[in-house]
>>> print(open('my_file-v8.pdb').read())   # PDB, N, CA and C atoms
ATOM      1  N   MET P   1      89.680  84.585  96.033
ATOM      2  CA  MET P   1      90.124  84.763  94.661
ATOM      3  C   MET P   1      89.099  85.576  93.862
ATOM      4  N   LEU P   2      87.832  85.320  94.133
ATOM      5  CA  LEU P   2      86.783  86.045  93.417
ATOM      6  C   LEU P   2      86.872  87.547  93.693
ATOM      7  N   GLY P   3      87.153  87.923  94.947
ATOM      8  CA  GLY P   3      87.296  89.337  95.297
ATOM      9  C   GLY P   3      88.436  90.001  94.543
ATOM     10  N   ILE P   4      89.554  89.302  94.412
ATOM     11  CA  ILE P   4      90.702  89.844  93.682
ATOM     12  C   ILE P   4      90.350  90.029  92.215
ATOM     13  N   LEU P   5      89.669  89.055  91.638
ATOM     14  CA  LEU P   5      89.284  89.160  90.234
ATOM     15  C   LEU P   5      88.291  90.299  90.006
ATOM     16  N   LEU P   6      87.343  90.459  90.929
ATOM     17  CA  LEU P   6      86.393  91.567  90.798
ATOM     18  C   LEU P   6      87.099  92.916  90.886
ATOM     19  N   CYS P   7      88.054  93.028  91.804
ATOM     20  CA  CYS P   7      88.832  94.275  91.907
ATOM     21  C   CYS P   7      89.602  94.538  90.620
ATOM     22  N   ALA P   8      90.160  93.501  90.027
ATOM     23  CA  ALA P   8      90.917  93.655  88.787
ATOM     24  C   ALA P   8      90.033  94.152  87.658
ATOM     25  N   TRP P   9      88.811  93.653  87.589
ATOM     26  CA  TRP P   9      87.914  94.006  86.483
ATOM     27  C   TRP P   9      87.144  95.300  86.701
ATOM     28  N   LEU P  10      86.743  95.584  87.943
ATOM     29  CA  LEU P  10      85.801  96.673  88.193
ATOM     30  C   LEU P  10      86.418  97.961  88.712
ATOM     31  N   MET P  11      87.660  97.919  89.152
ATOM     32  CA  MET P  11      88.270  99.104  89.750
ATOM     33  C   MET P  11      89.406  99.616  88.869
ATOM     34  N   ALA P  12      89.853 100.825  89.180
ATOM     35  CA  ALA P  12      90.981 101.420  88.463
ATOM     36  C   ALA P  12      91.951 102.014  89.472
ATOM     37  N   SER P  13      93.159 102.239  89.029
ATOM     38  CA  SER P  13      94.189 102.816  89.881
ATOM     39  C   SER P  13      95.188 103.558  88.996
ATOM     40  N   PRO P  14      95.729 104.675  89.484
ATOM     41  CA  PRO P  14      96.762 105.372  88.712
ATOM     42  C   PRO P  14      97.979 104.479  88.454
ATOM     43  N   VAL P  15      98.249 103.564  89.365
ATOM     44  CA  VAL P  15      99.407 102.675  89.205
ATOM     45  C   VAL P  15      99.253 101.817  87.954
ATOM     46  N   THR P  16      98.090 101.226  87.763
ATOM     47  CA  THR P  16      97.896 100.338  86.623
ATOM     48  C   THR P  16      97.703 101.100  85.317
ATOM     49  N   GLY P  17      97.521 102.405  85.397
ATOM     50  CA  GLY P  17      97.446 103.226  84.195
ATOM     51  C   GLY P  17      98.825 103.703  83.738
ATOM     52  N   ASN P  18      99.827 103.465  84.550
ATOM     53  CA  ASN P  18     101.190 103.897  84.277
ATOM     54  C   ASN P  18     101.822 103.042  83.180
ATOM     55  N   ALA P  19     102.582 103.663  82.307
ATOM     56  CA  ALA P  19     103.218 102.941  81.193
ATOM     57  C   ALA P  19     104.187 101.870  81.680
ATOM     58  N   LEU P  20     104.899 102.148  82.761
ATOM     59  CA  LEU P  20     105.840 101.164  83.298
ATOM     60  C   LEU P  20     105.100  99.927  83.804
ATOM     61  N   TYR P  21     103.961 100.141  84.458
ATOM     62  CA  TYR P  21     103.170  98.996  84.925
ATOM     63  C   TYR P  21     102.652  98.187  83.732
ATOM     64  N   ARG P  22     102.164  98.867  82.716
ATOM     65  CA  ARG P  22     101.649  98.145  81.539
ATOM     66  C   ARG P  22     102.742  97.305  80.894
ATOM     67  N   LYS P  23     103.969  97.813  80.899
ATOM     68  CA  LYS P  23     105.095  97.050  80.358
ATOM     69  C   LYS P  23     105.339  95.792  81.202
ATOM     70  N   LEU P  24     105.279  95.948  82.509
ATOM     71  CA  LEU P  24     105.422  94.798  83.404
ATOM     72  C   LEU P  24     104.307  93.786  83.157
ATOM     73  N   GLU P  25     103.084  94.272  83.043
ATOM     74  CA  GLU P  25     101.934  93.383  82.860
ATOM     75  C   GLU P  25     102.041  92.585  81.558
ATOM     76  N   GLN P  26     102.596  93.186  80.522
ATOM     77  CA  GLN P  26     102.765  92.472  79.254
ATOM     78  C   GLN P  26     103.751  91.319  79.393
ATOM     79  N   ARG P  27     104.702  91.463  80.305
ATOM     80  CA  ARG P  27     105.712  90.417  80.503
ATOM     81  C   ARG P  27     105.231  89.296  81.417
ATOM     82  N   LEU P  28     104.197  89.558  82.195
ATOM     83  CA  LEU P  28     103.683  88.543  83.116
ATOM     84  C   LEU P  28     102.819  87.540  82.368
ATOM     85  N   PRO P  29     102.818  86.284  82.800
ATOM     86  CA  PRO P  29     101.873  85.332  82.218
ATOM     87  C   PRO P  29     100.435  85.760  82.553
ATOM     88  N   ALA P  30      99.499  85.442  81.706
ATOM     89  CA  ALA P  30      98.103  85.870  81.877
ATOM     90  C   ALA P  30      97.530  85.430  83.222
ATOM     91  N   TRP P  31      97.882  84.230  83.679
ATOM     92  CA  TRP P  31      97.333  83.727  84.940
ATOM     93  C   TRP P  31      97.848  84.517  86.145
ATOM     94  N   LEU P  32      98.937  85.268  85.972
ATOM     95  CA  LEU P  32      99.498  86.041  87.069
ATOM     96  C   LEU P  32      99.154  87.527  86.977
ATOM     97  N   SER P  33      98.983  88.043  85.780
ATOM     98  CA  SER P  33      98.747  89.480  85.628
ATOM     99  C   SER P  33      97.422  89.927  86.244
ATOM    100  N   LEU P  34      96.390  89.128  86.142
ATOM    101  CA  LEU P  34      95.090  89.500  86.702
ATOM    102  C   LEU P  34      95.111  89.562  88.233
ATOM    103  N   PRO P  35      95.668  88.573  88.930
ATOM    104  CA  PRO P  35      95.754  88.696  90.389
ATOM    105  C   PRO P  35      96.631  89.868  90.857
ATOM    106  N   VAL P  36      97.698  90.174  90.120
ATOM    107  CA  VAL P  36      98.535  91.318  90.487
ATOM    108  C   VAL P  36      97.724  92.601  90.358
ATOM    109  N   ARG P  37      97.025  92.755  89.251
ATOM    110  CA  ARG P  37      96.175  93.939  89.035
ATOM    111  C   ARG P  37      95.088  94.018  90.101
ATOM    112  N   GLY P  38      94.461  92.902  90.421
ATOM    113  CA  GLY P  38      93.410  92.880  91.447
ATOM    114  C   GLY P  38      93.932  93.245  92.822
ATOM    115  N   THR P  39      95.144  92.807  93.137
ATOM    116  CA  THR P  39      95.740  93.145  94.430
ATOM    117  C   THR P  39      96.026  94.638  94.520
ATOM    118  N   ILE P  40      96.544  95.212  93.451
ATOM    119  CA  ILE P  40      96.818  96.658  93.437
ATOM    120  C   ILE P  40      95.518  97.437  93.593
ATOM    121  N   HIS P  41      94.504  97.078  92.850
ATOM    122  CA  HIS P  41      93.220  97.785  92.942
ATOM    123  C   HIS P  41      92.553  97.539  94.286
ATOM    124  N   GLY P  42      92.660  96.330  94.812
ATOM    125  CA  GLY P  42      92.022  95.979  96.076
ATOM    126  C   GLY P  42      92.596  96.703  97.275
ATOM    127  N   GLN P  43      93.809  97.216  97.163
ATOM    128  CA  GLN P  43      94.403  97.963  98.273
ATOM    129  C   GLN P  43      93.596  99.205  98.605
ATOM    130  N   LYS P  44      92.899  99.763  97.618
ATOM    131  CA  LYS P  44      92.067 100.948  97.866
ATOM    132  C   LYS P  44      90.972 100.632  98.887
ATOM    133  N   LEU P  45      90.462  99.417  98.854
ATOM    134  CA  LEU P  45      89.442  98.996  99.809
ATOM    135  C   LEU P  45      90.058  98.334 101.037
ATOM    136  N   GLY P  46      91.040  97.506 100.805
ATOM    137  CA  GLY P  46      91.608  96.701 101.871
ATOM    138  C   GLY P  46      92.378  97.476 102.913
ATOM    139  N   TYR P  47      93.213  98.420 102.501
ATOM    140  CA  TYR P  47      94.039  99.133 103.470
ATOM    141  C   TYR P  47      93.193  99.871 104.503
ATOM    142  N   PRO P  48      92.217 100.683 104.104
ATOM    143  CA  PRO P  48      91.415 101.368 105.134
ATOM    144  C   PRO P  48      90.667 100.387 106.046
ATOM    145  N   LEU P  49      90.183  99.305 105.485
ATOM    146  CA  LEU P  49      89.479  98.304 106.285
ATOM    147  C   LEU P  49      90.421  97.678 107.307
ATOM    148  N   PHE P  50      91.583  97.213 106.863
ATOM    149  CA  PHE P  50      92.521  96.562 107.768
ATOM    150  C   PHE P  50      93.108  97.545 108.780
ATOM    151  N   GLU P  51      93.343  98.782 108.369
ATOM    152  CA  GLU P  51      93.853  99.798 109.298
ATOM    153  C   GLU P  51      92.804 100.107 110.360
ATOM    154  N   GLY P  52      91.538 100.163 109.965
ATOM    155  CA  GLY P  52      90.462 100.373 110.932
ATOM    156  C   GLY P  52      90.385  99.243 111.940
ATOM    157  N   ILE P  53      90.544  98.017 111.481
ATOM    158  CA  ILE P  53      90.552  96.872 112.390
ATOM    159  C   ILE P  53      91.739  96.963 113.338
ATOM    160  N   ARG P  54      92.923  97.309 112.789
ATOM    161  CA  ARG P  54      94.118  97.408 113.632
ATOM    162  C   ARG P  54      93.951  98.483 114.715
ATOM    163  N   VAL P  55      93.427  99.651 114.332
ATOM    164  CA  VAL P  55      93.307 100.762 115.269
ATOM    165  C   VAL P  55      92.192 100.543 116.277
ATOM    166  N   HIS P  56      91.020 100.090 115.816
ATOM    167  CA  HIS P  56      89.862 100.025 116.700
ATOM    168  C   HIS P  56      89.706  98.665 117.382
ATOM    169  N   ALA P  57      89.684  97.606 116.627
ATOM    170  CA  ALA P  57      89.466  96.281 117.235
ATOM    171  C   ALA P  57      90.705  95.797 117.989
ATOM    172  N   LEU P  58      91.884  96.090 117.440
ATOM    173  CA  LEU P  58      93.126  95.640 118.083
ATOM    174  C   LEU P  58      93.757  96.733 118.947
ATOM    175  N   ARG P  59      93.045  97.852 119.117
ATOM    176  CA  ARG P  59      93.461  98.955 119.988
ATOM    177  C   ARG P  59      94.839  99.507 119.646
ATOM    178  N   GLY P  60      95.109  99.666 118.350
ATOM    179  CA  GLY P  60      96.353 100.298 117.907
ATOM    180  C   GLY P  60      97.574  99.405 117.936
ATOM    181  N   PHE P  61      97.372  98.102 118.003
ATOM    182  CA  PHE P  61      98.505  97.169 118.034
ATOM    183  C   PHE P  61      99.424  97.428 116.859
ATOM    184  N   GLY P  62     100.736  97.573 117.094
ATOM    185  CA  GLY P  62     101.684  97.970 116.061
ATOM    186  C   GLY P  62     102.482  96.849 115.438
ATOM    187  N   PHE P  63     102.288  95.601 115.852
ATOM    188  CA  PHE P  63     102.992  94.448 115.289
ATOM    189  C   PHE P  63     104.506  94.601 115.355
ATOM    190  N   GLY P  64     105.016  95.334 116.355
ATOM    191  CA  GLY P  64     106.452  95.481 116.533
ATOM    192  C   GLY P  64     107.082  96.602 115.732
ATOM    193  N   TYR P  65     106.323  97.308 114.923
ATOM    194  CA  TYR P  65     106.858  98.408 114.112
ATOM    195  C   TYR P  65     106.912  99.667 114.964
ATOM    196  N   HIS P  66     108.044 100.355 114.947
ATOM    197  CA  HIS P  66     108.219 101.545 115.770
ATOM    198  C   HIS P  66     108.485 102.797 114.944
ATOM    199  N   GLY P  67     108.055 102.834 113.721
ATOM    200  CA  GLY P  67     108.156 104.034 112.892
ATOM    201  C   GLY P  67     109.564 104.448 112.524
ATOM    202  N   GLY P  68     110.465 103.512 112.384
ATOM    203  CA  GLY P  68     111.816 103.836 111.953
ATOM    204  C   GLY P  68     112.742 104.259 113.074
ATOM    205  N   GLU P  69     112.351 104.040 114.349
ATOM    206  CA  GLU P  69     113.201 104.422 115.473
ATOM    207  C   GLU P  69     114.556 103.737 115.406
ATOM    208  N   ALA P  70     114.585 102.474 115.014
ATOM    209  CA  ALA P  70     115.853 101.744 114.936
ATOM    210  C   ALA P  70     116.772 102.376 113.897
ATOM    211  N   ALA P  71     116.212 102.805 112.787
ATOM    212  CA  ALA P  71     117.017 103.444 111.741
ATOM    213  C   ALA P  71     117.562 104.784 112.230
ATOM    214  N   GLU P  72     116.770 105.522 113.011
ATOM    215  CA  GLU P  72     117.226 106.804 113.540
ATOM    216  C   GLU P  72     118.341 106.598 114.559
ATOM    217  N   GLU P  73     118.229 105.564 115.403
ATOM    218  CA  GLU P  73     119.264 105.274 116.388
ATOM    219  C   GLU P  73     120.565 104.908 115.696
ATOM    220  N   THR P  74     120.485 104.092 114.654
ATOM    221  CA  THR P  74     121.672 103.682 113.911
ATOM    222  C   THR P  74     122.333 104.876 113.248
ATOM    223  N   ALA P  75     121.535 105.779 112.691
ATOM    224  CA  ALA P  75     122.073 106.972 112.037
ATOM    225  C   ALA P  75     122.755 107.875 113.064
ATOM    226  N   GLY P  76     122.184 107.961 114.264
ATOM    227  CA  GLY P  76     122.784 108.779 115.316
ATOM    228  C   GLY P  76     124.106 108.229 115.781
ATOM    229  N   GLN P  77     124.261 106.926 115.814
ATOM    230  CA  GLN P  77     125.505 106.299 116.235
ATOM    231  C   GLN P  77     126.600 106.458 115.188
ATOM    232  N   ALA P  78     126.219 106.571 113.930
ATOM    233  CA  ALA P  78     127.191 106.668 112.847
ATOM    234  C   ALA P  78     127.820 108.055 112.774
ATOM    235  N   ARG P  79     127.171 109.050 113.370
ATOM    236  CA  ARG P  79     127.667 110.433 113.302
ATOM    237  C   ARG P  79     128.852 110.656 114.149
TER     238      ARG P  79
END
>>> encode(input="my_file-v8.pdb", output="structure tokens")
Amino acid sequence: MLGILLCAWLMASPVTGNALYRKLEQRLPAWLSLPVRGTIHGQKLGYPLFEGIRVHALRGFGFGYHGGEAAEETAGQAR
């Protein structure tokens, strides 16, 4: 929780500078708006870290995701 709060206070993101996001944040209760902001800001650090772990430590494990192959197969059958 402390990491999320630090990200909310110390980092910035174009998403949270957007007028639509600010409108959403005004509607959220105070106890929820800070963790949401921290999660958005924390993705800047978290995604590269977790992707590095997935690629290097887990040797590219894909968790069952095949890059939309199922959607392409379905689209091909519909034609």
>>> closest_residue(input="my_file-v8.pdb", among="P:Leu34, P:Leu45, P:Ile40, P:Leu28", to="Trp9 in chain P", atoms="only C-alpha atoms")
P:Leu34
>>> closest_residue(input="my_file-v8.pdb", among="P:Ala19, P:Ala8, P:Ser13, P:Phe61", to="Val36 in chain P", atoms="all atoms listed in the file")
P:Ala8
>>> select_by_dssp(input="my_file-v8.pdb", residues="chain P", states="alpha helix (DSSP H)", output="PyMOL selection string")
chain P and resi 2-10+14-17+19-27+30-52+69-78
>>> atom_distance(input="my_file-v8.pdb", atom1="CA of Leu5 in chain P", atom2="CA of Trp31 in chain P")
11.1 Å
>>> closest_residue(input="my_file-v8.pdb", among="P:Gly38, P:Pro48, P:Gly60, P:Gly67", to="Ile4 in chain P", atoms="all atoms listed in the file")
P:Gly38
>>> atom_distance(input="my_file-v8.pdb", atom1="CA of Tyr21 in chain P", atom2="atom C of Leu6 in chain P")
18.2 Å
>>> closest_residue(input="my_file-v8.pdb", among="P:Arg37, P:Ala30, P:Phe63, P:Leu2", to="Thr16 in chain P", atoms="only N, CA and C atoms")
P:Arg37
>>> atom_distance(input="my_file-v8.pdb", atom1="CA of Ala12 in chain P", atom2="CA of Glu25 in chain P")
14.7 Å
>>> build_atoms(input="my_file-v8.pdb", residues="range 34-55 of chain P", atoms="N, CA, C and O atoms", output="compact mmCIF listing (two decimals), in the frame of the given file")
# COMPACT_ATOMS: atom_id res chain seq x y z
N LEU P 34 96.39 89.13 86.14
CA LEU P 34 95.09 89.50 86.70
C LEU P 34 95.11 89.56 88.23
O LEU P 34 94.63 90.54 88.82
N PRO P 35 95.67 88.57 88.93
CA PRO P 35 95.75 88.70 90.39
C PRO P 35 96.63 89.87 90.86
O PRO P 35 96.32 90.50 91.86
N VAL P 36 97.70 90.17 90.12
CA VAL P 36 98.54 91.32 90.49
C VAL P 36 97.72 92.60 90.36
O VAL P 36 97.71 93.45 91.25
N ARG P 37 97.02 92.76 89.25
CA ARG P 37 96.18 93.94 89.04
C ARG P 37 95.09 94.02 90.10
O ARG P 37 94.82 95.08 90.67
N GLY P 38 94.46 92.90 90.42
CA GLY P 38 93.41 92.88 91.45
C GLY P 38 93.93 93.24 92.82
O GLY P 38 93.25 93.93 93.60
N THR P 39 95.14 92.81 93.14
CA THR P 39 95.74 93.14 94.43
C THR P 39 96.03 94.64 94.52
O THR P 39 95.76 95.27 95.54
N ILE P 40 96.54 95.21 93.45
CA ILE P 40 96.82 96.66 93.44
C ILE P 40 95.52 97.44 93.59
O ILE P 40 95.42 98.36 94.40
N HIS P 41 94.50 97.08 92.85
CA HIS P 41 93.22 97.78 92.94
C HIS P 41 92.55 97.54 94.29
O HIS P 41 91.94 98.45 94.85
N GLY P 42 92.66 96.33 94.81
CA GLY P 42 92.02 95.98 96.08
C GLY P 42 92.60 96.70 97.28
O GLY P 42 91.93 96.82 98.31
N GLN P 43 93.81 97.22 97.16
CA GLN P 43 94.40 97.96 98.27
C GLN P 43 93.60 99.20 98.60
O GLN P 43 93.59 99.65 99.75
N LYS P 44 92.90 99.76 97.62
CA LYS P 44 92.07 100.95 97.87
C LYS P 44 90.97 100.63 98.89
O LYS P 44 90.59 101.48 99.67
N LEU P 45 90.46 99.42 98.85
CA LEU P 45 89.44 99.00 99.81
C LEU P 45 90.06 98.33 101.04
O LEU P 45 89.63 98.56 102.16
N GLY P 46 91.04 97.51 100.80
CA GLY P 46 91.61 96.70 101.87
C GLY P 46 92.38 97.48 102.91
O GLY P 46 92.22 97.24 104.11
N TYR P 47 93.21 98.42 102.50
CA TYR P 47 94.04 99.13 103.47
C TYR P 47 93.19 99.87 104.50
O TYR P 47 93.42 99.71 105.71
N PRO P 48 92.22 100.68 104.10
CA PRO P 48 91.42 101.37 105.13
C PRO P 48 90.67 100.39 106.05
O PRO P 48 90.56 100.63 107.25
N LEU P 49 90.18 99.30 105.48
CA LEU P 49 89.48 98.30 106.28
C LEU P 49 90.42 97.68 107.31
O LEU P 49 90.12 97.62 108.50
N PHE P 50 91.58 97.21 106.86
CA PHE P 50 92.52 96.56 107.77
C PHE P 50 93.11 97.54 108.78
O PHE P 50 93.36 97.19 109.93
N GLU P 51 93.34 98.78 108.37
CA GLU P 51 93.85 99.80 109.30
C GLU P 51 92.80 100.11 110.36
O GLU P 51 93.13 100.27 111.53
N GLY P 52 91.54 100.16 109.96
CA GLY P 52 90.46 100.37 110.93
C GLY P 52 90.38 99.24 111.94
O GLY P 52 90.19 99.48 113.14
N ILE P 53 90.54 98.02 111.48
CA ILE P 53 90.55 96.87 112.39
C ILE P 53 91.74 96.96 113.34
O ILE P 53 91.62 96.75 114.55
N ARG P 54 92.92 97.31 112.79
CA ARG P 54 94.12 97.41 113.63
C ARG P 54 93.95 98.48 114.72
O ARG P 54 94.25 98.27 115.88
N VAL P 55 93.43 99.65 114.33
CA VAL P 55 93.31 100.76 115.27
C VAL P 55 92.19 100.54 116.28
O VAL P 55 92.39 100.75 117.48
